[in-house]
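Take a look at the structure set out below.
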Amino acid sequence: MRTINTNVAIIGAGTAGLAAYRAARAEGATAVIIEGGQYGTTCARVGCMPSKLLIAAAEAAHAANHAAPFGISVGSVQVDGEAVMARVRRERDRFVGFVIDGLEALPPEDRLLGHARFVDDGLLQVGDNTRVHAASVVIATGSKPIVPEVLNGLGDRVVVNDDVFEWTTLPRSVAVMGPGVIGLELGQALARLGVRVSVYGGRGSIGPLTDPKLVDAARTIFGEAFHFEPRGTMLSATRVDDGVRLRYRRADGTTTEDTYEYVLAATGRHPDVGNLGLENTTIELGEHGVPRFDPHSLQVDRHPVFIAGDSNGILPLLHEAADEGRAAGRNAAQYPDVAKIERRAPLAIVFSDPQIALVGARHRELPADSFVTGEVSFEDQGRSRVMLKNQGRAHIYVDRATRRLVGAEMLGPSAEHIGHLLAWSLQMRLTVDAMLAMPFYHPVVEEGLRTALRDAAAKLAAPR
């Protein structure tokens, strides 16, 4: 049995794990990074990058199919499913290759391949032949998809987003269970590529939206993009010769049945910490077996253990995972001198069409009467109408007392870009007046943001 002694052991070589390793080494600590699966981050292998490749193909097909309103005829549009998926996999592998190159550039003695489990508080077993004594540990094992129990027994007819990017061609039909970020992005992309798609929801929510007016607008818009059942219960899922037979009860009590080639489980992800042997330690576990930790320092109770990235379930986003990894690696190396993580302004984007962006506090998190809502509809917004992208609306939340931006929810064109402007404004603690003093070019979609800011300023000035 080989034994390794190190200052910091990092479990997981994804975005958070790599950032933790580099931060620990930058502090002068010795460190090893342990990977139990394939090299390549969730983002590069099965997340943000391959999904955007599929979405890009879908946007090209959609643009060709909807050129007629511009006075352009392109004839019959043919989607070659094999060619689409070949490009997705080829470019995905290219992105993964960059990550692997970076990992393999690390010193060989700092890289361990094998499943890691805690033997006790400071001792890890890696594979069958290696033990690691570590003064501090960073858990960065990421997350895994949730598959609802109703889908048990469907075999290879039930897939998660990881599986989609291994397809060699497009299926004929897919039922998407869950209208969250993954369900919206992949469901709409597949529908635009000619796949018969139905998206099934539970409680009527749409992606990460919480503002009731935006949720209502999203239900209508996405209901025109694919067959959408936003509120109800999946009663049964049965394997049949040609796929899966689903039976679904709507909120009004009516039921519907249909058969699909595949069911895509898109009901969320949870931290992947179940096989770490945490029961062998004195660490106290919380919901889903996740160690109880301080979200401000990422420290697990009073232990020299830190948890970062998707494995802690706070903000499962790449840039947040990188920030948390750096903070965890630094704290692990400097333990017991532990510092709070410096958080950026919250920003989340869904690459649907129209796009969704959330910045800062969500509508449901804000105390009633503490803010005003600046509103804009994109239906008649100039540049949006020129591009025939005139769907959706944006709501900007401004604090009544300070006049500062506190949050925003948006469903509309260029949300990925406007979201960044709003996140920067929030992080700079700008007031609505300071934001309105910024330049707005004409004609751009961002003029819609100015409309919303003007609406907020007018509401602040109105008597209550």
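Every chain in the structure tokens has a letter given in the order shown (A, B, ...), and although residue numbers restart at 1 in each chain, ligands are simply numbered from 1 in the order shown.
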Margin query: With only C-alpha atoms as the counted atoms, please give the residues lying no more than 8 Å from region 320-336 of chain A, apart from itself and same-chain residues fewer than 2 positions off, as an NGL selection string.
Written below: :A and (7-8 or 15-24 or 27-29 or 136-138 or 140 or 297-299 or 304-310 or 315-318 or 338-341 or 343)
Output file for the selection above: N, CA, C and O atoms, as a short mmCIF file (atom, residue, chain, number, x, y, z; two decimals), in the first residue's frame:
```cif
data_model
loop_
_atom_site.label_atom_id
_atom_site.label_comp_id
_atom_site.auth_asym_id
_atom_site.auth_seq_id
_atom_site.Cartn_x
_atom_site.Cartn_y
_atom_site.Cartn_z
N ASN A 7 -0.21 18.44 2.32
CA ASN A 7 -0.93 19.49 3.06
C ASN A 7 -2.41 19.51 2.69
O ASN A 7 -3.28 19.61 3.56
N VAL A 8 -2.69 19.43 1.37
CA VAL A 8 -4.08 19.55 0.91
C VAL A 8 -4.38 18.44 -0.09
O VAL A 8 -3.61 18.22 -1.03
N THR A 15 -14.02 21.94 -12.40
CA THR A 15 -13.73 23.38 -12.33
C THR A 15 -13.32 23.80 -10.93
O THR A 15 -12.31 24.47 -10.72
N ALA A 16 -14.11 23.41 -9.91
CA ALA A 16 -13.80 23.80 -8.54
C ALA A 16 -12.53 23.13 -8.05
O ALA A 16 -11.70 23.76 -7.38
N GLY A 17 -12.36 21.84 -8.37
CA GLY A 17 -11.17 21.12 -7.91
C GLY A 17 -9.89 21.68 -8.48
O GLY A 17 -8.89 21.84 -7.76
N LEU A 18 -9.89 21.97 -9.77
CA LEU A 18 -8.70 22.54 -10.40
C LEU A 18 -8.35 23.90 -9.81
O LEU A 18 -7.18 24.21 -9.56
N ALA A 19 -9.40 24.72 -9.58
CA ALA A 19 -9.15 26.04 -8.99
C ALA A 19 -8.61 25.90 -7.57
O ALA A 19 -7.73 26.66 -7.15
N ALA A 20 -9.13 24.91 -6.83
CA ALA A 20 -8.65 24.69 -5.46
C ALA A 20 -7.18 24.24 -5.46
O ALA A 20 -6.38 24.71 -4.63
N TYR A 21 -6.84 23.34 -6.35
CA TYR A 21 -5.45 22.86 -6.43
C TYR A 21 -4.50 24.02 -6.71
O TYR A 21 -3.47 24.18 -6.02
N ARG A 22 -4.83 24.83 -7.70
CA ARG A 22 -3.93 25.93 -8.09
C ARG A 22 -3.82 26.96 -6.97
O ARG A 22 -2.75 27.53 -6.72
N ALA A 23 -4.93 27.22 -6.26
CA ALA A 23 -4.89 28.18 -5.16
C ALA A 23 -4.04 27.65 -4.01
O ALA A 23 -3.26 28.40 -3.40
N ALA A 24 -4.18 26.36 -3.69
CA ALA A 24 -3.38 25.78 -2.61
C ALA A 24 -1.90 25.82 -2.94
O ALA A 24 -1.06 26.17 -2.09
N GLU A 27 -0.33 29.16 -2.52
CA GLU A 27 -0.07 29.51 -1.12
C GLU A 27 1.17 28.79 -0.59
O GLU A 27 1.52 28.94 0.58
N GLY A 28 1.81 27.98 -1.42
CA GLY A 28 3.02 27.27 -1.01
C GLY A 28 2.78 25.91 -0.40
O GLY A 28 3.73 25.27 0.09
N ALA A 29 1.53 25.45 -0.43
CA ALA A 29 1.21 24.15 0.15
C ALA A 29 1.49 23.03 -0.84
O ALA A 29 1.44 23.23 -2.06
N SER A 136 -5.51 18.98 5.28
CA SER A 136 -6.80 19.58 4.91
C SER A 136 -7.32 18.88 3.67
O SER A 136 -6.54 18.38 2.85
N VAL A 137 -8.64 18.89 3.52
CA VAL A 137 -9.28 18.26 2.37
C VAL A 137 -10.27 19.22 1.74
O VAL A 137 -11.00 19.93 2.46
N VAL A 138 -10.30 19.25 0.41
CA VAL A 138 -11.32 20.00 -0.32
C VAL A 138 -12.19 18.98 -1.07
O VAL A 138 -11.68 18.18 -1.85
N ALA A 140 -14.72 18.48 -3.92
CA ALA A 140 -15.17 19.17 -5.13
C ALA A 140 -15.64 18.12 -6.15
O ALA A 140 -15.16 18.07 -7.29
N SER A 297 -17.43 30.64 4.34
CA SER A 297 -16.03 30.22 4.27
C SER A 297 -15.86 28.87 3.57
O SER A 297 -14.74 28.48 3.24
N LEU A 298 -16.98 28.14 3.39
CA LEU A 298 -17.01 26.81 2.78
C LEU A 298 -16.41 25.75 3.70
O LEU A 298 -16.20 24.61 3.29
N GLN A 299 -16.14 26.11 4.96
CA GLN A 299 -15.56 25.16 5.91
C GLN A 299 -16.65 24.25 6.46
O GLN A 299 -17.76 24.69 6.80
N PRO A 304 -10.91 20.65 9.23
CA PRO A 304 -10.07 21.19 8.16
C PRO A 304 -10.51 20.63 6.80
O PRO A 304 -9.72 20.10 6.03
N VAL A 305 -11.81 20.73 6.56
CA VAL A 305 -12.43 20.22 5.34
C VAL A 305 -13.27 21.34 4.74
O VAL A 305 -13.98 22.05 5.47
N PHE A 306 -13.21 21.48 3.43
CA PHE A 306 -13.92 22.53 2.73
C PHE A 306 -14.66 21.91 1.53
O PHE A 306 -14.19 20.92 0.95
N ILE A 307 -15.80 22.48 1.19
CA ILE A 307 -16.62 21.91 0.12
C ILE A 307 -16.97 23.01 -0.87
O ILE A 307 -17.46 24.07 -0.50
N ALA A 308 -16.69 22.76 -2.16
CA ALA A 308 -16.79 23.83 -3.16
C ALA A 308 -17.47 23.35 -4.43
O ALA A 308 -17.46 22.16 -4.76
N GLY A 309 -18.04 24.29 -5.17
CA GLY A 309 -18.64 23.98 -6.46
C GLY A 309 -19.99 23.31 -6.33
O GLY A 309 -20.68 23.43 -5.31
N ASP A 310 -20.37 22.55 -7.34
CA ASP A 310 -21.69 21.91 -7.36
C ASP A 310 -21.89 20.95 -6.20
O ASP A 310 -23.03 20.64 -5.86
N LEU A 315 -24.60 27.42 -5.55
CA LEU A 315 -24.76 28.08 -6.85
C LEU A 315 -24.08 27.22 -7.90
O LEU A 315 -22.89 27.39 -8.18
N PRO A 316 -24.80 26.29 -8.52
CA PRO A 316 -24.18 25.35 -9.47
C PRO A 316 -23.92 25.99 -10.83
O PRO A 316 -24.56 25.67 -11.82
N LEU A 317 -22.98 26.93 -10.85
CA LEU A 317 -22.60 27.64 -12.07
C LEU A 317 -21.08 27.63 -12.19
O LEU A 317 -20.38 27.69 -11.17
N LEU A 318 -20.57 27.60 -13.42
CA LEU A 318 -19.13 27.46 -13.61
C LEU A 318 -18.34 28.57 -12.93
O LEU A 318 -17.36 28.30 -12.23
N VAL A 338 -8.84 30.98 8.31
CA VAL A 338 -9.90 30.81 7.31
C VAL A 338 -10.58 32.15 7.03
O VAL A 338 -10.96 32.86 7.95
N ALA A 339 -10.70 32.48 5.75
CA ALA A 339 -11.31 33.74 5.35
C ALA A 339 -12.65 33.50 4.65
O ALA A 339 -12.91 32.41 4.12
N LYS A 340 -13.50 34.51 4.65
CA LYS A 340 -14.78 34.43 3.95
C LYS A 340 -14.56 34.57 2.45
O LYS A 340 -13.67 35.30 2.01
N ILE A 341 -15.39 33.89 1.67
CA ILE A 341 -15.32 34.00 0.23
C ILE A 341 -15.91 35.34 -0.21
O ILE A 341 -16.87 35.83 0.38
N ARG A 343 -18.00 37.01 -2.74
CA ARG A 343 -18.98 36.65 -3.77
C ARG A 343 -19.15 37.78 -4.78
O ARG A 343 -19.11 38.96 -4.44
#
```
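Distances from A:Asn161, A:Thr254, A:Asn5, A:Asn280 to Ala31 (chain A) were compared using only C-alpha atoms, and the smallest one belongs to A:Asn5.
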Checklist line | Using only C-alpha atoms: which of A:Leu460, A:Ala437, A:Leu411, A:Val164 has the shortest distance to Asp216 (chain A) | finding: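 That would be A:Leu411, the residue with the smallest distance to Asp216 (chain A).
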Checklist line | Test item, alpha helix (DSSP H) assignment across region 233-458 of chain A, answer as a PyMOL selection string | finding: chain A and resi 318-334+382-386+415-427+432-436+447-458
Item checked: Residues flagged strand (DSSP E or B) by DSSP in region 190-330 of chain A, as a PyMOL selection string -> chain A and resi 196-200+203+227-229+231-240+243-250+255-260+262-265+269-271+285+291+293+299-300+305-307
Notebook entry, point to check: Do you have the CA of Leu184 (chain A)-CA of Val147 (chain A) distance handy?
Noted result: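 CA of Val147 (chain A) lies at a distance of 16.8 Å from CA of Leu184 (chain A).
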Note to self: For region 238-242 of chain A, find every residue with an atom within 6 Å (counting only C-alpha atoms), except residues of its own chain fewer than 2 positions away, and show them as an MDAnalysis selection string.
What the structure shows: chainID A and resid 154 244:245
Hey, which bits of region 181-223 of chain A sit within 8 Å of region 388-395 of chain A, and for each residue what's the closest pair of atoms and how far apart in Å (one decimal), counting only C-alpha atoms, rows by chain and increasing number, as CSV?
```
residue,atom,partner,partner_atom,distance
A:Leu214,CA,A:Arg393,CA,7.0
A:Ala217,CA,A:Gly392,CA,6.7
A:Ala218,CA,A:Gly392,CA,7.4
A:Ile221,CA,A:Gln391,CA,7.7
```
Next, dump the selected residues to file, keeping only C-alpha atoms, as an mmCIF file, in the first residue's frame.
```
data_model
loop_
_atom_site.group_PDB
_atom_site.id
_atom_site.type_symbol
_atom_site.label_atom_id
_atom_site.label_comp_id
_atom_site.auth_asym_id
_atom_site.auth_seq_id
_atom_site.Cartn_x
_atom_site.Cartn_y
_atom_site.Cartn_z
ATOM 1 C CA LEU A 214 -42.767 36.610 -16.235
ATOM 2 C CA ALA A 217 -45.443 35.094 -20.143
ATOM 3 C CA ALA A 218 -42.964 32.210 -20.307
ATOM 4 C CA ILE A 221 -44.168 31.681 -25.203
#
```
Margin query: So that I can check the surroundings of Met85 (chain A), please list as a list in words every protein, DNA and RNA residue that reaches within 10 Å of it, counting only C-alpha atoms and ignoring chain neighbours fewer than 2 positions away.
Written below: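 Once the nearby chain positions are removed, what remains is Pro50, Leu53, Leu54, Ala57, Asp80, Gly81, Glu82, Ala83, Arg87, Val88, Arg89, Arg90, Glu91, Val164, Phe165, Glu166, Trp167, Thr168, Thr169 and Leu170 of chain A.
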Check: Residues at most 10 Å from Ile283 (chain A), counting only C-alpha atoms, excluding those fewer than 2 positions away in the same chain, as JSON, numbers by chain?
Finding: {"A": [120, 121, 278, 279, 280, 281, 285, 286, 290, 291, 292, 293, 300, 301, 302, 303, 305]}
Margin query: Nearest residue to Val263 (chain A) out of A:Pro443, A:Pro463, A:Pro346, A:Pro148, using only C-alpha atoms?
Written below: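 For Val263 (chain A), the nearest of the candidates is A:Pro148.
Residue nearest Gly419 (chain A) within the list A:Asp337, A:Asp433, A:Asp162, A:Glu446: A:Glu446 [criterion: smallest interatomic distance, only C-alpha atoms].
Pairwise distance (CA of His227 (chain A), CA of Ser205 (chain A)) equals 15.5 Å.
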